[in-house]
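See below for the structure under consideration.
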Amino acid sequence: MAVGLAAAGVDVTRMKAPTRKNDRSISATLAAATCALLGTTVAAPVDAQEEPKWDFNTSLLYYGEDEGRVQDASFKSIIRRLFADDRTLSIGLTVDTLTGATPSGAIRQDGPQSFTRPSGSSSYTEPGGKLPLDDTFRDTRLAITAGWQQPAGEKGLLSAGVSVSKEYDYLHTGVNASYAHDFNNRNTTLSAGFAFANDSIEPVGGAPIPFTNMLDVGDTSNRVGDQDKDVLDIVFGVSQVVSKNLLIQANYSLSQSDGYLNNPYKVLSLVDGVSGDTLPRTPGPNGGPSGQFLFESRPDERTQHSLYTQAKYYMNGKVLDASYRYMTDDWEIDSHTLDVRYRVPIGESSYVEPHLRYYTQSEAEFYRLSLDSSAALPAYASSDYRLGNFDGITAGLKYGWKTRNDNDMSLRVEWYQQAGTVPTGQIVGNQASRDNYPDLNALIVQFSYRFSR
Amino acid sequence: MKLRIAAVSLLLICAGCTSMGVQPWEREILAKEEMQLTVDPLEAATDDHIYFSKEASSGGRGFGGGGCGCN
């Protein structure tokens, strides 16, 4: 019995959500244990042979940014096959369809601006006063993951997995493994894991040489071949049962990226040191840039450290889930993320869950709104808004319910908003009167369906 | 030195942990699906992917995410 209880306790401190099968076996074991303690007998669980062997999790996601920016329709699925002795195989599948426009990195100008598309085969023009967006952002992504999990001894759990994902201009391959061990009557779990990824970047039209000019249509003299990068992640974690209704977790992660870390499609405007306006350029006969735009240049290494803490607290049927993450890296970005979810049951078989998330980050040491032509070029520069100084707020509501055949469904609607500022020291001349940071508003709608067989 | 500090802190944390916790028969609430650290793995994966694509930080809960050219 002690062994059975211990096994039932395992899932409580695991990072992976348990399946409903485990839920049932936990309650069955608990019932048996209680009876054993009270000196009574209990029949073997009636549904032992009917326990589901398959667990299907499927969701449809719509993610849409305003002003014609990125739109993503995504299908995600995780299928789990449960074997004897708590061994589990999971297969994940994701299909993303991306369309829309994304900021090119160039600044606003009073007059119209023209740009060569990343492919190098055509150009496009943005009207004066408008934030330049690259409208060729179209991609389909297919991602597949496979994972195996099994107990290792009485108190250990081993997990290992592989992942592959493919986009038109990107290929990711990765492996991961982790081990978790229970201590203190299974109230404490220590875990350690790693993930290694090797990604290859095959930019449309070839990867541009950093700090070279965007060239006329048809001119590919600054393009080189495919690039790659390696990412190693190491995670150490501890989770602790504090009381009957409080569970806490803390993780430290180290992430080391090496290789090509540029965004091959992002440029910076080269500006006059007094007016702050983009230096003009005469487009070629087949079209090309109307100004001087230099492809960005990032360091080829990045080391990130993060500390993640989470608490789950149960209060009379309601569950508070709060987490905080601190991240710091050698690009001098610091970030804080606070995430709170509060699940409130409605009757026997449904619930609502409000969600609030606050995120704030400082800009990378090499973040620049534009490049000043009267000064020497810095070693690195990027105007990617995601490396800038901004705050993000997410507010959402989820409604979940059980269907008549005991399947789970949920629908969540969330709004995500980013608002950033450019450090004042970076603003030159006329830039002071323009809106320089591309603020973002996005709608997230996700429908999920889960059933076991 | 750093390693030693880390080892000592880990020991202290673990020593602190032994006084916390529950007995096996007190796990009814902790065993509930909504009390798991990751209740909905698909939603967690979705959020990790969205924020990886839109912010300069990733991971924390688990591995750093990524595997796409979206950043």
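Within each chain, counting starts at residue 1; across the structure tokens, chains are named A, B, ... in the order shown, with ligands numbered 1 upward in that order.
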Q. Any idea what's packed within 9 Å of region 18-23 of chain B, counting only C-alpha atoms, ignoring anything in its chain fewer than 3 positions away? Could you give it as a VMD selection string?
A. (chain A and resid 183 to 188 240 to 244) or (chain B and resid 13 to 15 26 to 27)
Selection above as a file: C-alpha atoms, as an mmCIF file, in the first residue's frame:
```cif
data_model
loop_
_atom_site.group_PDB
_atom_site.id
_atom_site.type_symbol
_atom_site.label_atom_id
_atom_site.label_comp_id
_atom_site.auth_asym_id
_atom_site.auth_seq_id
_atom_site.Cartn_x
_atom_site.Cartn_y
_atom_site.Cartn_z
ATOM 1 C CA PHE A 183 12.249 13.179 -1.543
ATOM 2 C CA ASN A 184 10.635 13.725 1.875
ATOM 3 C CA ASN A 185 7.698 11.415 1.527
ATOM 4 C CA ARG A 186 7.276 12.743 -2.036
ATOM 5 C CA ASN A 187 6.677 16.254 -0.812
ATOM 6 C CA THR A 188 9.837 17.541 -2.488
ATOM 7 C CA GLN A 240 7.518 21.464 -2.792
ATOM 8 C CA VAL A 241 4.206 20.518 -1.240
ATOM 9 C CA VAL A 242 3.767 23.044 1.569
ATOM 10 C CA SER A 243 0.388 21.986 2.861
ATOM 11 C CA LYS A 244 -2.747 20.145 1.796
ATOM 12 C CA ILE B 13 16.297 24.592 1.128
ATOM 13 C CA CYS B 14 15.977 20.826 1.348
ATOM 14 C CA ALA B 15 16.432 20.897 5.122
ATOM 15 C CA GLU B 26 -3.710 14.162 2.776
ATOM 16 C CA ARG B 27 -3.239 14.504 -0.972
#
```
Q. Within 6 Å of chain A, which residues of chain B show up when using only C-alpha atoms, listed as an MDAnalysis selection string?
A. chainID B and resid 18 20:22 31 36:39 55:56 60 67 69
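DSSP secondary structure from the backbone places B:Pro41, B:Leu42, B:Glu43, B:Ala44, B:Ala45, B:Thr46, B:Asp47, B:Asp48, B:His49, B:Ile50, B:Tyr51, B:Phe52, B:Ser53, B:Lys54 of region 25-63 of chain B in alpha helix (DSSP H).
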Q | Spatial neighbours of Ala101 (chain A), 7 Å, only C-alpha atoms, chain gap at least 2 places, as an NGL selection string | A | :A and (68-70 or 103 or 133-137)
Go ahead and dump the residues you just picked, N, CA and C atoms, as an mmCIF file, in the first residue's frame.
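Produced file result_32.cif, reproduced below:
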```cif
data_model
loop_
_atom_site.group_PDB
_atom_site.id
_atom_site.type_symbol
_atom_site.label_atom_id
_atom_site.label_comp_id
_atom_site.auth_asym_id
_atom_site.auth_seq_id
_atom_site.Cartn_x
_atom_site.Cartn_y
_atom_site.Cartn_z
ATOM 1 N N GLY A 68 -3.357 45.184 -39.700
ATOM 2 C CA GLY A 68 -2.851 44.320 -40.772
ATOM 3 C C GLY A 68 -1.535 43.635 -40.462
ATOM 4 N N ARG A 69 -1.176 43.613 -39.197
ATOM 5 C CA ARG A 69 0.071 42.926 -38.858
ATOM 6 C C ARG A 69 -0.183 41.432 -38.730
ATOM 7 N N VAL A 70 0.680 40.714 -38.011
ATOM 8 C CA VAL A 70 0.672 39.246 -38.052
ATOM 9 C C VAL A 70 -0.677 38.609 -37.662
ATOM 10 N N PRO A 103 6.935 44.943 -38.719
ATOM 11 C CA PRO A 103 7.793 46.112 -38.886
ATOM 12 C C PRO A 103 9.152 45.732 -39.490
ATOM 13 N N LEU A 133 6.186 48.629 -42.839
ATOM 14 C CA LEU A 133 5.934 47.218 -42.540
ATOM 15 C C LEU A 133 6.322 46.393 -43.751
ATOM 16 N N ASP A 134 6.943 45.261 -43.496
ATOM 17 C CA ASP A 134 7.245 44.325 -44.578
ATOM 18 C C ASP A 134 6.012 43.439 -44.729
ATOM 19 N N ASP A 135 5.345 43.576 -45.892
ATOM 20 C CA ASP A 135 4.059 42.877 -46.037
ATOM 21 C C ASP A 135 4.204 41.462 -46.580
ATOM 22 N N THR A 136 5.433 40.952 -46.683
ATOM 23 C CA THR A 136 5.604 39.613 -47.268
ATOM 24 C C THR A 136 5.731 38.535 -46.210
ATOM 25 N N PHE A 137 5.243 38.832 -45.019
ATOM 26 C CA PHE A 137 5.345 37.874 -43.915
ATOM 27 C C PHE A 137 4.310 36.775 -44.096
#
```
Q: Among the residues of region 182-333 of chain A, find those DSSP assigns to strand (DSSP E) from the backbone and print them as a PyMOL selection string.
A: chain A and resi 182-183+188-201+207-208+223-224+227-243+246-259+267-271+293-295+301-315+318-329
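Nearest to Leu89 (chain A) of all the residues A:Glu353, A:Asp55, A:Asp219, A:Asp110 is A:Asp55, based on only C-alpha atoms.
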(Q) So that I can check the surroundings of region 275-282 of chain A, please list as a ChimeraX atom specification every protein, DNA and RNA residue that reaches within 9 Å of it, counting only C-alpha atoms and ignoring chain neighbours fewer than 6 positions away. (A) /A:106-110,269,288-293,370,372-373,427-432
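A straight line drawn from CA of Lys266 (chain A) to CA of Ser104 (chain A) is 5.2 Å long.
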Q. With only C-alpha atoms as the atoms that count, which of A:Leu443, A:Ser221, A:Thr424, A:Gly156 lies nearest to Ile50 (chain B)?
A. A:Leu443
**Q.** CA of Glu301 (chain A) to CA of Trp331 (chain A), straight-line distance in Å
**A.** 9.0 Å
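Coordinates place CA of Pro283 (chain A) at a distance of 13.1 Å from CA of Gly120 (chain A).
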